[in-house]
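Pasted below: structure16.txt, compact mmCIF, C-alpha atoms.
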```txt
# COMPACT_ATOMS: atom_id res chain seq x y z
CA PHE A 18 239.28 71.84 203.16
CA LEU A 19 236.03 70.05 204.06
CA TYR A 20 235.24 69.09 200.46
CA GLY A 21 238.77 67.86 199.86
CA PHE A 22 238.93 65.98 203.16
CA THR A 23 235.56 64.34 202.48
CA GLY A 24 236.91 63.26 199.11
CA ILE A 25 240.10 61.86 200.61
CA LEU A 26 238.14 59.88 203.21
CA GLY A 27 235.83 58.63 200.45
CA ASP A 28 238.87 57.41 198.56
CA LEU A 29 240.45 55.75 201.58
CA ILE A 30 237.29 53.96 202.76
CA ALA A 31 237.02 50.68 200.88
CA LEU A 32 233.21 50.56 200.86
CA PRO A 33 231.31 51.01 197.59
CA ALA A 34 229.92 54.54 197.12
CA THR A 35 226.29 53.58 197.82
CA VAL A 36 227.12 51.76 201.06
CA LEU A 37 229.40 54.59 202.17
CA VAL A 38 226.62 57.16 201.67
CA TRP A 39 224.07 54.85 203.34
CA TRP A 40 226.19 54.84 206.51
CA ARG A 41 226.87 58.57 206.24
CA VAL A 42 223.22 59.61 206.08
CA LEU A 43 222.19 57.03 208.70
CA LEU A 44 224.71 58.36 211.23
CA THR A 45 223.78 61.96 210.41
CA SER A 46 220.07 61.23 210.82
CA ILE A 47 220.58 59.49 214.16
CA SER A 48 222.75 62.32 215.48
CA LEU A 49 220.16 64.90 214.40
CA LEU A 50 217.49 63.10 216.44
CA PHE A 51 219.19 64.56 219.51
CA LEU A 52 218.93 68.11 218.13
CA ILE A 53 215.31 68.24 217.01
CA LYS A 54 212.08 68.22 218.92
CA TYR A 55 210.83 65.25 216.92
CA GLY A 56 207.21 65.16 217.99
CA GLN A 57 206.66 68.93 218.03
CA THR A 58 208.56 70.18 215.00
CA LEU A 59 207.80 67.51 212.45
CA LYS A 60 204.13 67.08 213.30
CA GLY A 61 202.88 70.35 211.82
CA ILE A 62 204.67 70.23 208.46
CA PRO A 63 202.26 70.43 205.52
CA LYS A 64 202.29 67.27 203.36
CA LYS A 65 203.37 69.13 200.21
CA LEU A 66 206.32 70.71 202.00
CA LEU A 67 207.26 67.34 203.50
CA ARG A 68 207.20 65.78 200.01
CA ASP A 69 209.46 68.60 198.77
CA TYR A 70 211.95 67.99 201.60
CA ILE A 71 211.92 64.24 200.92
CA GLY A 72 212.61 64.86 197.23
CA ILE A 73 215.44 67.25 198.08
CA GLY A 74 216.84 64.65 200.48
CA ILE A 75 216.84 62.04 197.73
CA LEU A 76 218.71 64.54 195.51
CA ILE A 77 221.44 65.05 198.09
CA GLY A 78 221.73 61.29 198.59
CA LEU A 79 222.13 60.80 194.83
CA HIS A 80 224.70 63.61 194.76
CA TRP A 81 226.81 61.93 197.44
CA ILE A 82 226.58 58.55 195.74
CA THR A 83 227.72 60.02 192.42
CA PHE A 84 230.42 62.13 194.12
CA PHE A 85 231.96 59.13 195.86
CA ALA A 86 231.46 57.00 192.72
CA SER A 87 233.40 59.62 190.75
CA ILE A 88 236.23 59.31 193.26
CA LYS A 89 236.20 55.52 192.95
CA LEU A 90 236.04 55.66 189.12
CA ALA A 91 238.75 58.32 188.74
CA ASN A 92 240.27 59.99 191.82
CA VAL A 93 239.69 62.78 194.34
CA SER A 94 241.25 65.44 192.11
CA ILE A 95 238.97 64.65 189.20
CA ALA A 96 235.87 64.62 191.41
CA LEU A 97 236.81 68.03 192.83
CA VAL A 98 237.61 69.47 189.39
CA CYS A 99 234.14 68.40 188.29
CA TYR A 100 232.73 69.98 191.44
CA ALA A 101 234.21 73.29 190.31
CA THR A 102 231.54 73.41 187.59
CA CYS A 103 228.81 73.92 190.20
CA SER A 104 228.59 77.67 189.63
CA PHE A 105 228.22 77.08 185.88
CA PHE A 106 225.36 74.61 186.38
CA THR A 107 223.73 76.86 188.96
CA SER A 108 223.90 79.88 186.65
CA ILE A 109 221.94 77.91 184.06
CA LEU A 110 219.48 76.02 186.29
CA GLU A 111 218.54 78.71 188.81
CA PRO A 112 216.86 81.08 186.33
CA LEU A 113 214.99 78.15 184.78
CA ILE A 114 213.72 76.87 188.14
CA THR A 115 213.02 80.23 189.80
CA LYS A 116 211.70 81.78 186.58
CA THR A 117 214.04 84.75 186.86
CA SER A 118 216.19 86.27 184.15
CA PHE A 119 219.61 84.90 183.29
CA LYS A 120 222.51 86.92 184.60
CA TRP A 121 225.17 86.97 181.92
CA TYR A 122 227.96 87.70 184.40
CA GLU A 123 227.09 84.64 186.51
CA LEU A 124 227.08 82.48 183.40
CA ALA A 125 230.40 84.00 182.25
CA LEU A 126 232.04 83.54 185.65
CA GLY A 127 230.75 79.97 185.87
CA ALA A 128 232.05 79.21 182.38
CA LEU A 129 235.57 80.32 183.33
CA VAL A 130 236.20 76.93 184.90
CA ILE A 131 235.52 75.03 181.67
CA PRO A 132 238.85 75.78 179.89
CA GLY A 133 240.82 74.67 182.96
CA MET A 134 238.74 71.56 183.32
CA THR A 135 239.19 70.78 179.63
CA LEU A 136 242.97 70.99 180.00
CA ILE A 137 242.88 68.52 182.86
CA VAL A 138 240.37 66.11 181.33
CA GLN A 139 241.99 65.90 177.89
CA SER A 140 245.14 64.42 179.41
CA LEU A 141 243.30 61.71 181.35
CA GLU A 142 243.54 58.02 180.69
CA VAL A 143 240.44 56.61 179.00
CA ASN A 144 239.56 54.46 182.02
CA MET A 145 239.07 57.63 184.14
CA LEU A 146 236.59 59.36 181.80
CA MET A 147 233.58 57.64 183.39
CA GLY A 148 234.65 59.27 186.67
CA VAL A 149 234.46 62.66 184.94
CA TRP A 150 230.93 62.03 183.64
CA VAL A 151 229.75 60.76 187.01
CA GLY A 152 231.46 63.75 188.68
CA LEU A 153 229.62 66.15 186.36
CA LEU A 154 226.32 64.41 187.16
CA SER A 155 227.16 64.78 190.85
CA THR A 156 227.74 68.49 190.38
CA LEU A 157 224.51 68.91 188.44
CA LEU A 158 222.67 67.21 191.32
CA ILE A 159 224.27 69.44 193.99
CA ALA A 160 223.45 72.56 191.96
CA LEU A 161 219.83 71.42 191.75
CA PHE A 162 219.81 70.57 195.46
CA SER A 163 221.19 74.01 196.36
CA ILE A 164 218.59 75.86 194.31
CA LEU A 165 215.63 73.85 195.61
CA ASN A 166 216.85 73.87 199.20
CA LYS A 167 217.41 77.64 199.10
CA GLN A 168 213.78 78.14 198.13
CA ARG A 169 212.48 76.11 201.08
CA ILE A 170 215.06 76.62 203.80
CA HIS A 171 213.08 79.34 205.58
CA ASP A 172 209.99 77.15 206.04
CA LEU A 173 211.47 74.99 208.83
CA ASP A 174 214.26 75.09 211.39
CA THR A 175 217.58 73.84 210.03
CA PRO A 176 218.04 70.73 212.24
CA SER A 177 214.53 69.45 211.40
CA LEU A 178 214.97 70.23 207.71
CA THR A 179 218.32 68.43 207.65
CA PHE A 180 216.89 65.47 209.58
CA ILE A 181 214.08 65.03 207.03
CA GLU A 182 216.48 65.35 204.09
CA MET A 183 219.09 62.97 205.54
CA GLY A 184 216.43 60.53 206.71
CA SER A 185 214.79 60.48 203.29
CA ALA A 186 218.20 60.02 201.62
CA TRP A 187 218.80 57.05 203.93
CA GLY A 188 215.33 55.62 203.25
CA PHE A 189 215.74 55.96 199.48
CA ILE A 190 219.20 54.40 199.52
CA SER A 191 217.90 51.59 201.74
CA LEU A 192 215.25 50.82 199.11
CA VAL A 193 217.65 50.80 196.15
CA LEU A 194 220.71 49.29 197.86
CA PRO A 195 219.65 45.65 197.25
CA PHE A 196 219.50 46.38 193.52
```
Give the structure from the file, written as structure tokens.
Amino acid sequence: FLYGFTGILGDLIALPATVLVWWRVLLTSISLLFLIKYGQTLKGIPKKLLRDYIGIGILIGLHWITFFASIKLANVSIALVCYATCSFFTSILEPLITKTSFKWYELALGALVIPGMTLIVQSLEVNMLMGVWVGLLSTLLIALFSILNKQRIHDLDTPSLTFIEMGSAWGFISLVLPF
């Protein structure tokens, strides 16, 4: 429901994807300021961990931009069909990043979505195919975000972690928005 509703709102809002995400992460960051103990919590974070959180925040910002861009280039249904490939991407990326063994059953279950997606995509108009590619990039980014965030989520309280990630997404988008 939440993913679909987010997609529908993204389709209905006339702003370009980058501007839409800029506002989204700005409002989230501001609202999180009321939930965190800014001076106490964020002061003692090691610089390496802070850099990791900032990088993860940039990833989630790029995911949202590409997700909403996929909606604008195709439609909500296509963006969500692409999103269904997340388990497939995760089953490939997680063992590579965490240096664990591949689990064949996770790969097989993740691959089950590909025939259904192929049926949908092959009947698309040519002008919507860019939305599919951008949607798949979006899904690759969210899979990467999930894996990296899962590794570091226990190092900081959730509101502070989310504030850093959303704030860094906003900062990154603010830097690239003029271009």
Measure the distance from CA of Cys103 in chain A to CA of Gly152 in chain A in Å and round it to one decimal.
-> 10.6 Å
Go through A:Ala128, A:Ala86, A:Ile114, A:Ile109 one by one, measure the shortest atom-to-atom distance of each to Val38 in chain A using only C-alpha atoms, and give the residue with the smallest value.
->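 Among the listed residues, the smallest separation from Val38 in chain A belongs to A:Ala86.
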Excluding range 135-146 of chain A and residues on its chain fewer than 6 positions from it, collect all residues at most 10 Å away from it, counting all atoms listed in the file, and give them as a list in words.
-> Ser87, Ile88, Lys89, Leu90, Ala91, Asn92, Ser94, Ile95, Val98, Cys99 and Gly152 of chain A
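Proximity ranking of A:Ile82, A:Ile53, A:Ile77, A:Met183 relative to Thr35 in chain A places A:Ile82 first, based on all atoms listed in the file.
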Please provide the set of residues having any atom within 12 Å of range 188-194 of chain A, restricted to all atoms listed in the file, with same-chain residues fewer than 4 positions apart removed, written as number ranges by chain.
-> A: 33-43, 46, 71-82, 180-184
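Among the candidate residues A:Ala101, A:Leu66, A:Ile170, A:Ile159, the one lying nearest to Leu129 in chain A is A:Ala101, with distances computed using all atoms listed in the file.
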Could you rebuild range 150-161 of chain A with all heavy atoms and give it back as a short mmCIF file (atom, residue, chain, number, x, y, z; two decimals), in the frame of the given file?
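The resulting part.cif:
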```cif
data_model
loop_
_atom_site.label_atom_id
_atom_site.label_comp_id
_atom_site.auth_asym_id
_atom_site.auth_seq_id
_atom_site.Cartn_x
_atom_site.Cartn_y
_atom_site.Cartn_z
N TRP A 150 232.37 61.93 183.93
CA TRP A 150 230.93 62.03 183.64
C TRP A 150 230.09 61.88 184.91
O TRP A 150 229.13 62.62 185.12
CB TRP A 150 230.51 61.01 182.59
CG TRP A 150 231.05 61.33 181.24
CD1 TRP A 150 231.99 60.64 180.54
CD2 TRP A 150 230.72 62.47 180.44
NE1 TRP A 150 232.26 61.28 179.35
CE2 TRP A 150 231.49 62.40 179.26
CE3 TRP A 150 229.84 63.54 180.59
CZ2 TRP A 150 231.40 63.35 178.25
CZ3 TRP A 150 229.76 64.49 179.59
CH2 TRP A 150 230.53 64.39 178.44
N VAL A 151 230.47 60.95 185.75
CA VAL A 151 229.75 60.76 187.01
C VAL A 151 229.96 61.97 187.92
O VAL A 151 229.05 62.42 188.61
CB VAL A 151 230.17 59.43 187.69
CG1 VAL A 151 229.55 59.30 189.08
CG2 VAL A 151 229.77 58.25 186.82
N GLY A 152 231.17 62.54 187.90
CA GLY A 152 231.46 63.75 188.68
C GLY A 152 230.64 64.94 188.21
O GLY A 152 230.16 65.74 189.02
N LEU A 153 230.46 65.06 186.89
CA LEU A 153 229.62 66.15 186.36
C LEU A 153 228.15 65.95 186.73
O LEU A 153 227.45 66.91 187.06
CB LEU A 153 229.79 66.27 184.84
CG LEU A 153 231.14 66.82 184.39
CD1 LEU A 153 231.28 66.70 182.87
CD2 LEU A 153 231.32 68.26 184.85
N LEU A 154 227.69 64.71 186.70
CA LEU A 154 226.32 64.41 187.16
C LEU A 154 226.17 64.77 188.63
O LEU A 154 225.17 65.37 189.04
CB LEU A 154 225.99 62.94 186.93
CG LEU A 154 224.65 62.46 187.48
CD1 LEU A 154 223.49 63.23 186.86
CD2 LEU A 154 224.49 60.96 187.27
N SER A 155 227.17 64.44 189.43
CA SER A 155 227.16 64.78 190.85
C SER A 155 227.04 66.28 191.05
O SER A 155 226.27 66.76 191.90
CB SER A 155 228.44 64.26 191.50
OG SER A 155 228.55 64.72 192.82
N THR A 156 227.77 67.03 190.26
CA THR A 156 227.74 68.49 190.38
C THR A 156 226.40 69.05 189.92
O THR A 156 225.89 70.00 190.53
CB THR A 156 228.90 69.09 189.57
OG1 THR A 156 230.12 68.50 190.03
CG2 THR A 156 228.97 70.59 189.76
N LEU A 157 225.84 68.49 188.88
CA LEU A 157 224.51 68.91 188.44
C LEU A 157 223.49 68.67 189.55
O LEU A 157 222.64 69.53 189.83
CB LEU A 157 224.13 68.15 187.18
CG LEU A 157 222.77 68.46 186.57
CD1 LEU A 157 222.76 69.87 185.98
CD2 LEU A 157 222.43 67.44 185.49
N LEU A 158 223.59 67.53 190.23
CA LEU A 158 222.67 67.21 191.32
C LEU A 158 222.84 68.17 192.51
O LEU A 158 221.84 68.59 193.11
CB LEU A 158 222.86 65.76 191.78
CG LEU A 158 222.41 64.69 190.80
CD1 LEU A 158 222.90 63.31 191.24
CD2 LEU A 158 220.90 64.71 190.64
N ILE A 159 224.08 68.54 192.85
CA ILE A 159 224.27 69.44 193.99
C ILE A 159 223.81 70.84 193.64
O ILE A 159 223.31 71.57 194.50
CB ILE A 159 225.72 69.41 194.53
CG1 ILE A 159 225.79 70.03 195.94
CG2 ILE A 159 226.68 70.13 193.63
CD1 ILE A 159 225.05 69.33 197.00
N ALA A 160 223.95 71.25 192.38
CA ALA A 160 223.45 72.56 191.96
C ALA A 160 221.93 72.58 192.09
O ALA A 160 221.35 73.54 192.62
CB ALA A 160 223.88 72.87 190.53
N LEU A 161 221.28 71.52 191.63
CA LEU A 161 219.83 71.42 191.75
C LEU A 161 219.40 71.39 193.20
O LEU A 161 218.45 72.09 193.60
CB LEU A 161 219.37 70.15 191.01
CG LEU A 161 217.89 69.95 190.81
CD1 LEU A 161 217.27 71.12 190.06
CD2 LEU A 161 217.65 68.66 190.05
#
```
